[in-house]
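Listing of input.txt; format and content: compact mmCIF, C-alpha atoms and all ligand atoms.
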```txt
# COMPACT_ATOMS: atom_id res chain seq x y z
CA MET L 19 74.77 -2.16 -25.82
CA ILE L 20 71.82 -0.26 -24.38
CA GLU L 21 72.60 2.76 -22.24
CA PHE L 22 70.21 4.77 -20.06
CA ALA L 23 71.68 7.98 -18.63
CA ASP L 24 69.51 9.64 -15.97
CA VAL L 25 66.35 8.97 -17.96
CA HIS L 26 63.09 10.53 -16.85
CA VAL L 27 59.76 10.02 -18.62
CA ARG L 28 56.76 12.12 -17.73
CA LEU L 29 53.44 11.23 -19.37
CA GLY L 30 50.60 13.60 -18.68
CA SER L 31 50.92 14.46 -15.01
CA ARG L 32 52.65 11.19 -14.13
CA ASP L 33 56.37 10.52 -13.62
CA VAL L 34 56.56 7.11 -15.26
CA LEU L 35 60.35 6.70 -15.11
CA CYS L 36 62.44 8.63 -12.59
CA GLY L 37 66.18 8.76 -13.20
CA ILE L 38 67.05 5.42 -14.79
CA THR L 39 70.78 4.92 -15.25
CA ALA L 40 72.02 1.57 -16.53
CA SER L 41 74.43 0.15 -19.10
CA LEU L 42 73.06 -3.11 -20.44
CA SER L 43 75.61 -5.14 -22.33
CA GLU L 44 74.63 -8.62 -21.14
CA GLN L 45 73.11 -10.98 -23.68
CA ARG L 46 69.97 -11.79 -21.67
CA VAL L 47 68.40 -9.00 -19.63
CA GLY L 48 65.06 -9.32 -17.84
CA VAL L 49 62.85 -6.56 -16.48
CA VAL L 50 60.25 -7.31 -13.80
CA GLY L 51 58.06 -5.17 -11.57
CA ALA L 52 54.52 -4.45 -10.49
CA ASN L 53 51.80 -3.41 -12.95
CA GLY L 54 52.35 0.21 -13.89
CA SER L 55 55.94 0.32 -12.62
CA GLY L 56 57.22 1.52 -16.01
CA LYS L 57 58.52 -1.68 -17.64
CA SER L 58 56.83 -1.28 -21.03
CA THR L 59 57.85 2.36 -21.15
CA LEU L 60 61.45 1.33 -20.48
CA ALA L 61 61.24 -1.23 -23.31
CA ARG L 62 59.70 1.29 -25.70
CA LEU L 63 62.50 3.76 -25.00
CA ILE L 64 64.99 1.34 -26.53
CA ASN L 65 63.70 1.63 -30.08
CA GLY L 66 62.47 5.20 -29.82
CA LEU L 67 58.76 4.29 -29.55
CA ALA L 68 58.91 6.37 -26.37
CA LEU L 69 61.35 9.24 -25.86
CA PRO L 70 62.87 10.48 -22.60
CA THR L 71 61.52 13.70 -21.16
CA SER L 72 65.09 14.25 -19.96
CA GLY L 73 68.26 12.17 -20.01
CA THR L 74 69.56 10.06 -22.87
CA VAL L 75 69.00 6.58 -24.24
CA THR L 76 71.81 5.29 -26.46
CA VAL L 77 71.34 2.09 -28.44
CA LEU L 78 73.94 0.59 -30.81
CA GLY L 79 75.91 3.79 -30.18
CA LEU L 80 73.07 6.05 -31.36
CA ASP L 81 70.88 8.51 -29.44
CA THR L 82 67.24 7.38 -29.77
CA ARG L 83 66.11 11.00 -29.95
CA ARG L 84 67.99 11.63 -33.18
CA HIS L 85 68.32 8.21 -34.78
CA ALA L 86 65.09 6.33 -34.02
CA ALA L 87 64.59 5.14 -37.62
CA LYS L 88 68.13 3.76 -37.88
CA ILE L 89 67.92 2.17 -34.42
CA ARG L 90 64.64 0.46 -35.35
CA ARG L 91 66.42 -1.30 -38.21
CA GLY L 92 68.70 -2.96 -35.64
CA VAL L 93 66.19 -3.48 -32.84
CA GLY L 94 63.33 -5.97 -33.20
CA PHE L 95 60.32 -5.42 -30.94
CA LEU L 96 57.89 -8.20 -30.04
CA PHE L 97 54.63 -6.90 -28.57
CA THR L 98 52.47 -8.80 -26.07
CA ASP L 99 49.55 -9.08 -28.46
CA PRO L 100 50.64 -10.75 -31.72
CA ASP L 101 47.46 -9.58 -33.47
CA ALA L 102 48.95 -6.09 -33.30
CA GLN L 103 51.82 -7.32 -35.48
CA ILE L 104 50.03 -9.52 -38.02
CA VAL L 105 49.31 -7.52 -41.16
CA MET L 106 49.03 -9.96 -44.06
CA PRO L 107 46.49 -12.73 -44.87
CA THR L 108 48.77 -15.77 -44.76
CA VAL L 109 51.60 -16.82 -42.49
CA ALA L 110 54.27 -16.76 -45.22
CA GLU L 111 53.04 -13.43 -46.64
CA ASP L 112 53.13 -11.91 -43.18
CA VAL L 113 56.78 -12.84 -42.66
CA ALA L 114 57.64 -11.77 -46.24
CA PHE L 115 56.04 -8.37 -45.55
CA SER L 116 58.81 -7.67 -43.01
CA LEU L 117 61.37 -8.06 -45.79
CA ARG L 118 59.62 -5.74 -48.26
CA ARG L 119 62.17 -2.93 -47.93
CA LYS L 120 65.24 -5.14 -48.24
CA GLY L 121 65.39 -5.13 -52.04
CA LEU L 122 65.69 -8.91 -52.18
CA THR L 123 64.73 -11.13 -55.10
CA ARG L 124 61.51 -13.12 -54.82
CA GLY L 125 63.56 -16.31 -54.50
CA GLU L 126 65.67 -14.89 -51.67
CA VAL L 127 62.55 -13.67 -49.83
CA ASP L 128 60.99 -17.15 -50.14
CA ARG L 129 64.18 -18.79 -48.93
CA ARG L 130 64.44 -16.58 -45.83
CA VAL L 131 60.73 -16.86 -45.03
CA HIS L 132 60.76 -20.63 -45.17
CA GLU L 133 64.00 -20.89 -43.23
CA VAL L 134 62.60 -18.83 -40.33
CA LEU L 135 59.20 -20.61 -40.37
CA ASP L 136 61.04 -23.91 -40.23
CA ARG L 137 63.23 -22.75 -37.32
CA TYR L 138 60.21 -21.70 -35.25
CA GLY L 139 58.03 -24.71 -36.09
CA LEU L 140 55.55 -23.02 -38.44
CA ALA L 141 56.70 -24.48 -41.76
CA GLY L 142 53.52 -26.56 -42.04
CA HIS L 143 51.38 -23.42 -41.69
CA ALA L 144 53.05 -21.27 -44.38
CA ASP L 145 49.93 -20.97 -46.55
CA HIS L 146 47.38 -20.89 -43.72
CA PRO L 147 45.41 -17.75 -42.84
CA ALA L 148 47.43 -16.01 -40.14
CA HIS L 149 44.32 -15.13 -38.13
CA HIS L 150 43.35 -18.81 -37.89
CA LEU L 151 46.47 -19.68 -35.89
CA SER L 152 46.21 -20.30 -32.16
CA GLY L 153 47.41 -17.58 -29.77
CA GLY L 154 50.69 -19.42 -29.25
CA GLN L 155 51.25 -19.92 -32.99
CA LYS L 156 50.49 -16.25 -33.60
CA GLN L 157 53.11 -15.30 -31.04
CA LEU L 158 55.61 -17.52 -32.87
CA LEU L 159 54.58 -15.92 -36.19
CA ALA L 160 55.20 -12.45 -34.74
CA LEU L 161 58.59 -13.70 -33.57
CA CYS L 162 59.35 -15.03 -37.09
CA SER L 163 58.42 -11.66 -38.62
CA VAL L 164 60.85 -9.92 -36.27
CA MET L 165 63.67 -12.49 -36.46
CA VAL L 166 63.65 -12.75 -40.27
CA LEU L 167 65.15 -9.25 -40.22
CA GLU L 168 68.10 -10.54 -38.16
CA PRO L 169 68.04 -7.70 -35.61
CA ASP L 170 71.06 -7.00 -33.38
CA ILE L 171 68.80 -6.62 -30.35
CA LEU L 172 65.41 -8.19 -29.60
CA ILE L 173 63.03 -6.47 -27.17
CA MET L 174 60.13 -8.62 -25.92
CA ASP L 175 57.28 -7.06 -23.99
CA GLU L 176 55.58 -9.88 -22.06
CA PRO L 177 56.14 -12.44 -24.80
CA THR L 178 54.57 -15.39 -22.97
CA THR L 179 51.40 -13.82 -21.54
CA LEU L 180 49.11 -15.51 -24.06
CA LEU L 181 50.96 -18.81 -24.15
CA ASP L 182 50.23 -22.15 -22.55
CA LEU L 183 52.99 -23.92 -20.65
CA ARG L 184 54.29 -25.77 -23.69
CA HIS L 185 54.51 -22.66 -25.87
CA SER L 186 56.02 -20.66 -22.97
CA ARG L 187 58.75 -23.27 -22.65
CA GLN L 188 59.25 -23.23 -26.41
CA VAL L 189 59.75 -19.45 -26.39
CA ALA L 190 62.10 -19.77 -23.38
CA ASP L 191 64.15 -22.42 -25.22
CA LEU L 192 64.27 -20.40 -28.43
CA LEU L 193 65.31 -17.35 -26.50
CA ARG L 194 68.27 -19.15 -24.94
CA GLU L 195 69.55 -20.10 -28.40
CA MET L 196 69.27 -16.66 -30.01
CA PRO L 197 72.55 -14.99 -30.88
CA GLN L 198 70.98 -11.55 -30.36
CA GLN L 199 71.03 -9.46 -27.21
CA VAL L 200 67.54 -9.96 -25.72
CA LEU L 201 65.71 -7.74 -23.26
CA ALA L 202 62.49 -9.30 -21.98
CA VAL L 203 59.86 -7.53 -19.90
CA THR L 204 57.86 -10.21 -18.15
CA HIS L 205 55.68 -11.38 -15.28
CA ASP L 206 56.69 -14.96 -16.20
CA LEU L 207 59.52 -15.44 -13.70
CA PRO L 208 60.59 -18.95 -14.90
CA LEU L 209 61.34 -17.37 -18.30
CA LEU L 210 64.25 -15.57 -16.64
CA ALA L 211 66.11 -18.73 -15.57
CA GLY L 212 69.58 -18.56 -17.08
CA PHE L 213 69.36 -14.82 -17.78
CA ASP L 214 72.50 -12.79 -17.10
CA ARG L 215 70.85 -9.85 -15.38
CA VAL L 216 67.42 -8.82 -14.11
CA LEU L 217 66.25 -5.30 -13.28
CA VAL L 218 63.39 -4.78 -10.84
CA LEU L 219 61.33 -1.64 -11.36
CA ASP L 220 59.16 -0.05 -8.72
CA GLN L 221 57.31 3.20 -9.31
CA GLY L 222 59.61 4.19 -12.15
CA ARG L 223 62.88 3.41 -10.38
CA VAL L 224 65.32 0.50 -10.55
CA VAL L 225 65.20 -0.93 -7.03
CA ALA L 226 67.21 -4.11 -7.67
CA ASP L 227 69.63 -5.10 -10.41
CA GLY L 228 71.60 -8.31 -10.47
CA PRO L 229 71.56 -12.04 -11.23
CA PRO L 230 68.03 -13.49 -11.61
CA ASP L 231 67.86 -15.25 -8.22
CA ASP L 232 68.88 -12.14 -6.26
CA ALA L 233 66.73 -9.73 -8.25
CA ILE L 234 63.67 -11.99 -8.24
CA GLY L 235 64.11 -12.57 -4.49
CA HIS L 236 63.99 -8.81 -4.03
CA TYR L 237 60.92 -8.58 -6.25
CA ARG L 238 59.10 -11.29 -4.27
CA LYS L 239 59.76 -9.39 -1.02
CA LEU L 240 58.52 -6.20 -2.63
CA MET L 241 55.28 -7.92 -3.63
CA ALA L 242 54.77 -9.72 -0.28
N1 LIG C 301 50.55 7.66 -22.85
C1 LIG C 301 50.41 7.67 -21.51
N2 LIG C 301 49.89 8.74 -20.87
C2 LIG C 301 49.80 8.76 -19.51
N3 LIG C 301 50.19 7.76 -18.71
C3 LIG C 301 50.72 6.68 -19.31
C4 LIG C 301 50.87 6.57 -20.73
N4 LIG C 301 51.43 5.37 -21.01
C5 LIG C 301 51.63 4.75 -19.82
N5 LIG C 301 51.20 5.55 -18.81
C6 LIG C 301 51.26 5.22 -17.37
O1 LIG C 301 52.60 4.98 -17.05
C7 LIG C 301 52.68 3.97 -16.04
C8 LIG C 301 53.65 2.92 -16.48
O2 LIG C 301 53.11 2.21 -17.59
P1 LIG C 301 53.86 0.96 -18.23
O3 LIG C 301 52.97 0.41 -19.29
O4 LIG C 301 55.25 1.34 -18.62
O5 LIG C 301 53.92 -0.03 -16.97
P2 LIG C 301 54.23 -1.58 -16.92
O6 LIG C 301 55.18 -1.76 -15.77
O7 LIG C 301 54.65 -2.10 -18.24
O8 LIG C 301 52.83 -2.19 -16.50
P3 LIG C 301 52.15 -3.63 -16.80
O9 LIG C 301 52.90 -4.65 -16.00
O10 LIG C 301 50.76 -3.44 -16.26
O11 LIG C 301 52.17 -3.87 -18.28
C9 LIG C 301 51.26 3.46 -15.83
O12 LIG C 301 50.74 4.07 -14.67
C10 LIG C 301 50.52 3.95 -17.04
O13 LIG C 301 49.18 4.22 -16.73
```
Translate this file's structure into structure tokens.
Ligand SMILES: Nc1ncnc2c1ncn2[C@@H]1O[C@H](COP(=O)(O)OP(=O)(O)OP(=O)(O)O)[C@@H](O)[C@H]1O
Amino acid sequence: MIEFADVHVRLGSRDVLCGITASLSEQRVGVVGANGSGKSTLARLINGLALPTSGTVTVLGLDTRRHAAKIRRGVGFLFTDPDAQIVMPTVAEDVAFSLRRKGLTRGEVDRRVHEVLDRYGLAGHADHPAHHLSGGQKQLLALCSVMVLEPDILIMDEPTTLLDLRHSRQVADLLREMPQQVLAVTHDLPLLAGFDRVLVLDQGRVVADGPPDDAIGHYRKLMA
């Protein structure tokens, strides 16, 4: 459960979010809106990467202002640019790096790393240099590094921007199968097919909120 209670965010002299109130309990939640409408800021509020100027964000029952570190253990965040998330030389080492604080045996780390690489189609690349992967493969690697931690909630900020049609579809398919609650910020409207709920942001406000077809219809009119 993700709860926004009258959340305002002011950055510099700009009101980026203006009174967001929403309880998000659905398994698949999308967020769409024009460039600069506040989508990424909304996503970053969920794991405490951004904090409200006023109002409260509650995630997994915890206030992000006081419990950001604990919340981050339960909330995986996938950034648009996978290069920002790749920190180790090889694919397997990069995924293993996510598990470094878990206190697992070497064997258990290897088992989990290979299981997740297998699930996301990167098993054949385990020992390859991570920076030699294609953009799409890097995005999948970043997803592996997040999912190996088995988060309760997965936040994705424009996860398909760098992907070709095939990889976009792959991410969309994977997303449908995930047991986690997923919140995806995206300009890729087909990604939202089958989602439970879509929020439309405009100038820091939620201007539509409902099933994908209704919300996206509203968004298209807004952009016309
Ligand atoms: N640290 C900051 N200081 C000042 N303004 C900021 C800061 N971060 C973001 N903004 C502004 O807040 C507004 C919302 O930014 P945000 O990245 O949340 O929008 P967005 O809807 O995700 O946009 P896009 O679709 O282009 O990624 C933008 O006008 C941006 O310039």
- [ ] Rank L:Arg137, L:Arg124, L:His205, L:Arg129 by their smallest atom-to-atom distance to ligand LIG 301 (chain C), using all atoms listed in the file, and report the top residue only.
- [x] L:His205
Open item on the list: Just want the residues within 12 Å of ligand LIG 301 (chain C), written as a count of residues only, counting all atoms listed in the file.
Closed with: 50
TODO: Just the residues within 12 Å of range 108-111 of chain L, please, counting all atoms listed in the file, with nothing from its chain fewer than 4 positions along; format it as a ChimeraX atom specification.
DONE: /L:103-104,115-118,124,127-136,140-151,155-163,166
Go ahead and write the residues just picked, C-alpha atoms, as a compact mmCIF listing (two decimals), keeping the file's coordinate frame.
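The result, written out as selection.txt:
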```txt
# COMPACT_ATOMS: atom_id res chain seq x y z
CA GLN L 103 51.82 -7.32 -35.48
CA ILE L 104 50.03 -9.52 -38.02
CA PHE L 115 56.04 -8.37 -45.55
CA SER L 116 58.81 -7.67 -43.01
CA LEU L 117 61.37 -8.06 -45.79
CA ARG L 118 59.62 -5.74 -48.26
CA ARG L 124 61.51 -13.12 -54.82
CA VAL L 127 62.55 -13.67 -49.83
CA ASP L 128 60.99 -17.15 -50.14
CA ARG L 129 64.18 -18.79 -48.93
CA ARG L 130 64.44 -16.58 -45.83
CA VAL L 131 60.73 -16.86 -45.03
CA HIS L 132 60.76 -20.63 -45.17
CA GLU L 133 64.00 -20.89 -43.23
CA VAL L 134 62.60 -18.83 -40.33
CA LEU L 135 59.20 -20.61 -40.37
CA ASP L 136 61.04 -23.91 -40.23
CA LEU L 140 55.55 -23.02 -38.44
CA ALA L 141 56.70 -24.48 -41.76
CA GLY L 142 53.52 -26.56 -42.04
CA HIS L 143 51.38 -23.42 -41.69
CA ALA L 144 53.05 -21.27 -44.38
CA ASP L 145 49.93 -20.97 -46.55
CA HIS L 146 47.38 -20.89 -43.72
CA PRO L 147 45.41 -17.75 -42.84
CA ALA L 148 47.43 -16.01 -40.14
CA HIS L 149 44.32 -15.13 -38.13
CA HIS L 150 43.35 -18.81 -37.89
CA LEU L 151 46.47 -19.68 -35.89
CA GLN L 155 51.25 -19.92 -32.99
CA LYS L 156 50.49 -16.25 -33.60
CA GLN L 157 53.11 -15.30 -31.04
CA LEU L 158 55.61 -17.52 -32.87
CA LEU L 159 54.58 -15.92 -36.19
CA ALA L 160 55.20 -12.45 -34.74
CA LEU L 161 58.59 -13.70 -33.57
CA CYS L 162 59.35 -15.03 -37.09
CA SER L 163 58.42 -11.66 -38.62
CA VAL L 166 63.65 -12.75 -40.27
```
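Using only C-alpha atoms, the residues found no farther than 9 Å from range 197-201 of chain L, other than those of its own chain fewer than 5 positions away, are Met19, Ser43, Glu44, Gln45, Arg46, Val47, Gly48, Val49, Ala61, Glu168, Pro169, Asp170, Ile171, Leu172, Ile173, Met174 and Asp175 of chain L.
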Task: Closest of L:Val105, L:Ile20, L:Val93, L:Ala233 to Asp81 in chain L - atom-to-atom distances counting all atoms listed in the file - done: L:Ile20
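You will find CA of Arg90 in chain L at 21.3 Å from CA of Ile38 in chain L.
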Task: Pick from L:Pro107, L:Gly235, L:Gly94, L:Pro230 nearest to Leu209 in chain L, counting only C-alpha atoms - done: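 Selected residue with least distance to Leu209 in chain L: L:Pro230.
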Task: Atomic distance CA of Gly212 in chain L - CA of Val164 in chain L, expressed in Å with one decimal - done: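 Distance between the two atoms: 22.8 Å.
Across the model, the gap from CA of Phe95 in chain L to CA of Leu193 in chain L is 13.7 Å.
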Sorted by chain and rising residue number, list the residues of range 97-155 of chain L at most 10 Å from range 181-184 of chain L (counting all atoms listed in the file), each with its closest atom pair and distance in Å to one decimal, as JSON lines.
```
{"residue": "L:Ser152", "atom": "CA", "partner": "L:Leu181", "partner_atom": "CA", "distance": 9.4}
{"residue": "L:Gly153", "atom": "CA", "partner": "L:Leu181", "partner_atom": "CA", "distance": 6.8}
{"residue": "L:Gly154", "atom": "CA", "partner": "L:Leu181", "partner_atom": "CA", "distance": 5.1}
{"residue": "L:Gln155", "atom": "CA", "partner": "L:Leu181", "partner_atom": "CA", "distance": 8.9}
```
Open item on the list: So, with only C-alpha atoms as the atoms that count, which of L:Leu96, L:Lys88, L:Leu167, L:Arg83 lies closest to Leu122 in chain L?
Closed with: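 Of L:Leu96, L:Lys88, L:Leu167, L:Arg83, the one nearest Leu122 in chain L, counting only C-alpha atoms, is L:Leu167.
Closest approach to Val189 in chain L from the set L:Tyr138, L:Gly228, L:Ser41, L:Lys239 is made by L:Tyr138, with distances taken over all atoms listed in the file.
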Open item on the list: I'd like to know which of L:Ala40, L:Val77, L:Val113, L:Val25 is closest to Val216 in chain L, using all atoms listed in the file.
Closed with: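 Ranked by minimum distance to Val216 in chain L, first place goes to L:Ala40.
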Where atoms are lacking, range 83-113 of chain L completed to N, CA and C atoms, as a JSON list (two decimals), in the coordinates of the input:
```
[["chain", "number", "residue", "atom", "x", "y", "z"],
["L", 83, "ARG", "N", 66.85, 9.77, -29.59],
["L", 83, "ARG", "CA", 66.11, 11.00, -29.95],
["L", 83, "ARG", "C", 66.40, 11.42, -31.39],
["L", 84, "ARG", "N", 67.62, 11.15, -31.84],
["L", 84, "ARG", "CA", 67.99, 11.63, -33.18],
["L", 84, "ARG", "C", 68.01, 10.53, -34.24],
["L", 85, "HIS", "N", 68.08, 9.28, -33.80],
["L", 85, "HIS", "CA", 68.32, 8.21, -34.78],
["L", 85, "HIS", "C", 67.31, 7.07, -34.65],
["L", 86, "ALA", "N", 66.07, 7.40, -34.29],
["L", 86, "ALA", "CA", 65.09, 6.33, -34.02],
["L", 86, "ALA", "C", 64.90, 5.41, -35.23],
["L", 87, "ALA", "N", 64.84, 5.98, -36.44],
["L", 87, "ALA", "CA", 64.59, 5.14, -37.62],
["L", 87, "ALA", "C", 65.74, 4.15, -37.83],
["L", 88, "LYS", "N", 66.97, 4.63, -37.68],
["L", 88, "LYS", "CA", 68.13, 3.76, -37.88],
["L", 88, "LYS", "C", 68.18, 2.69, -36.78],
["L", 89, "ILE", "N", 67.89, 3.11, -35.55],
["L", 89, "ILE", "CA", 67.92, 2.17, -34.42],
["L", 89, "ILE", "C", 66.87, 1.07, -34.65],
["L", 90, "ARG", "N", 65.70, 1.45, -35.16],
["L", 90, "ARG", "CA", 64.64, 0.46, -35.35],
["L", 90, "ARG", "C", 65.04, -0.63, -36.35],
["L", 91, "ARG", "N", 65.96, -0.28, -37.26],
["L", 91, "ARG", "CA", 66.42, -1.30, -38.21],
["L", 91, "ARG", "C", 67.28, -2.36, -37.50],
["L", 92, "GLY", "N", 67.85, -2.00, -36.36],
["L", 92, "GLY", "CA", 68.70, -2.96, -35.64],
["L", 92, "GLY", "C", 68.03, -3.56, -34.41],
["L", 93, "VAL", "N", 66.85, -3.04, -34.07],
["L", 93, "VAL", "CA", 66.19, -3.48, -32.84],
["L", 93, "VAL", "C", 64.81, -4.05, -33.18],
["L", 94, "GLY", "N", 64.64, -5.36, -32.99],
["L", 94, "GLY", "CA", 63.33, -5.97, -33.20],
["L", 94, "GLY", "C", 62.50, -5.82, -31.94],
["L", 95, "PHE", "N", 61.19, -5.61, -32.10],
["L", 95, "PHE", "CA", 60.32, -5.42, -30.94],
["L", 95, "PHE", "C", 59.15, -6.39, -31.05],
["L", 96, "LEU", "N", 59.01, -7.24, -30.06],
["L", 96, "LEU", "CA", 57.89, -8.20, -30.04],
["L", 96, "LEU", "C", 56.88, -7.73, -29.00],
["L", 97, "PHE", "N", 55.68, -7.41, -29.46],
["L", 97, "PHE", "CA", 54.63, -6.90, -28.57],
["L", 97, "PHE", "C", 53.92, -8.07, -27.88],
["L", 98, "THR", "N", 53.21, -7.77, -26.80],
["L", 98, "THR", "CA", 52.47, -8.80, -26.07],
["L", 98, "THR", "C", 51.41, -9.45, -26.96],
["L", 99, "ASP", "N", 50.69, -8.60, -27.68],
["L", 99, "ASP", "CA", 49.55, -9.08, -28.46],
["L", 99, "ASP", "C", 49.97, -9.27, -29.91],
["L", 100, "PRO", "N", 50.14, -10.54, -30.36],
["L", 100, "PRO", "CA", 50.64, -10.75, -31.72],
["L", 100, "PRO", "C", 49.70, -10.20, -32.79],
["L", 101, "ASP", "N", 48.39, -10.10, -32.47],
["L", 101, "ASP", "CA", 47.46, -9.58, -33.47],
["L", 101, "ASP", "C", 47.85, -8.16, -33.90],
["L", 102, "ALA", "N", 48.52, -7.45, -32.98],
["L", 102, "ALA", "CA", 48.95, -6.09, -33.30],
["L", 102, "ALA", "C", 50.05, -6.09, -34.37],
["L", 103, "GLN", "N", 50.69, -7.27, -34.56],
["L", 103, "GLN", "CA", 51.82, -7.32, -35.48],
["L", 103, "GLN", "C", 51.50, -8.07, -36.77],
["L", 104, "ILE", "N", 50.35, -8.73, -36.82],
["L", 104, "ILE", "CA", 50.03, -9.52, -38.02],
["L", 104, "ILE", "C", 49.30, -8.62, -39.01],
["L", 105, "VAL", "N", 49.88, -8.48, -40.21],
["L", 105, "VAL", "CA", 49.31, -7.52, -41.16],
["L", 105, "VAL", "C", 48.90, -8.14, -42.50],
["L", 106, "MET", "N", 49.32, -9.37, -42.75],
["L", 106, "MET", "CA", 49.03, -9.96, -44.06],
["L", 106, "MET", "C", 48.16, -11.22, -43.90],
["L", 107, "PRO", "N", 47.45, -11.62, -44.99],
["L", 107, "PRO", "CA", 46.49, -12.73, -44.87],
["L", 107, "PRO", "C", 47.11, -14.07, -44.48],
["L", 108, "THR", "N", 48.23, -14.44, -45.10],
["L", 108, "THR", "CA", 48.77, -15.77, -44.76],
["L", 108, "THR", "C", 50.06, -15.65, -43.97],
["L", 109, "VAL", "N", 50.41, -16.77, -43.35],
["L", 109, "VAL", "CA", 51.60, -16.82, -42.49],
["L", 109, "VAL", "C", 52.85, -16.42, -43.29],
["L", 110, "ALA", "N", 53.07, -17.05, -44.44],
["L", 110, "ALA", "CA", 54.27, -16.76, -45.22],
["L", 110, "ALA", "C", 54.27, -15.31, -45.72],
["L", 111, "GLU", "N", 53.11, -14.82, -46.16],
["L", 111, "GLU", "CA", 53.04, -13.43, -46.64],
["L", 111, "GLU", "C", 53.34, -12.45, -45.51],
["L", 112, "ASP", "N", 52.89, -12.81, -44.31],
["L", 112, "ASP", "CA", 53.13, -11.91, -43.18],
["L", 112, "ASP", "C", 54.63, -11.78, -42.89],
["L", 113, "VAL", "N", 55.33, -12.90, -42.92],
["L", 113, "VAL", "CA", 56.78, -12.84, -42.66],
["L", 113, "VAL", "C", 57.47, -12.12, -43.83]]
```
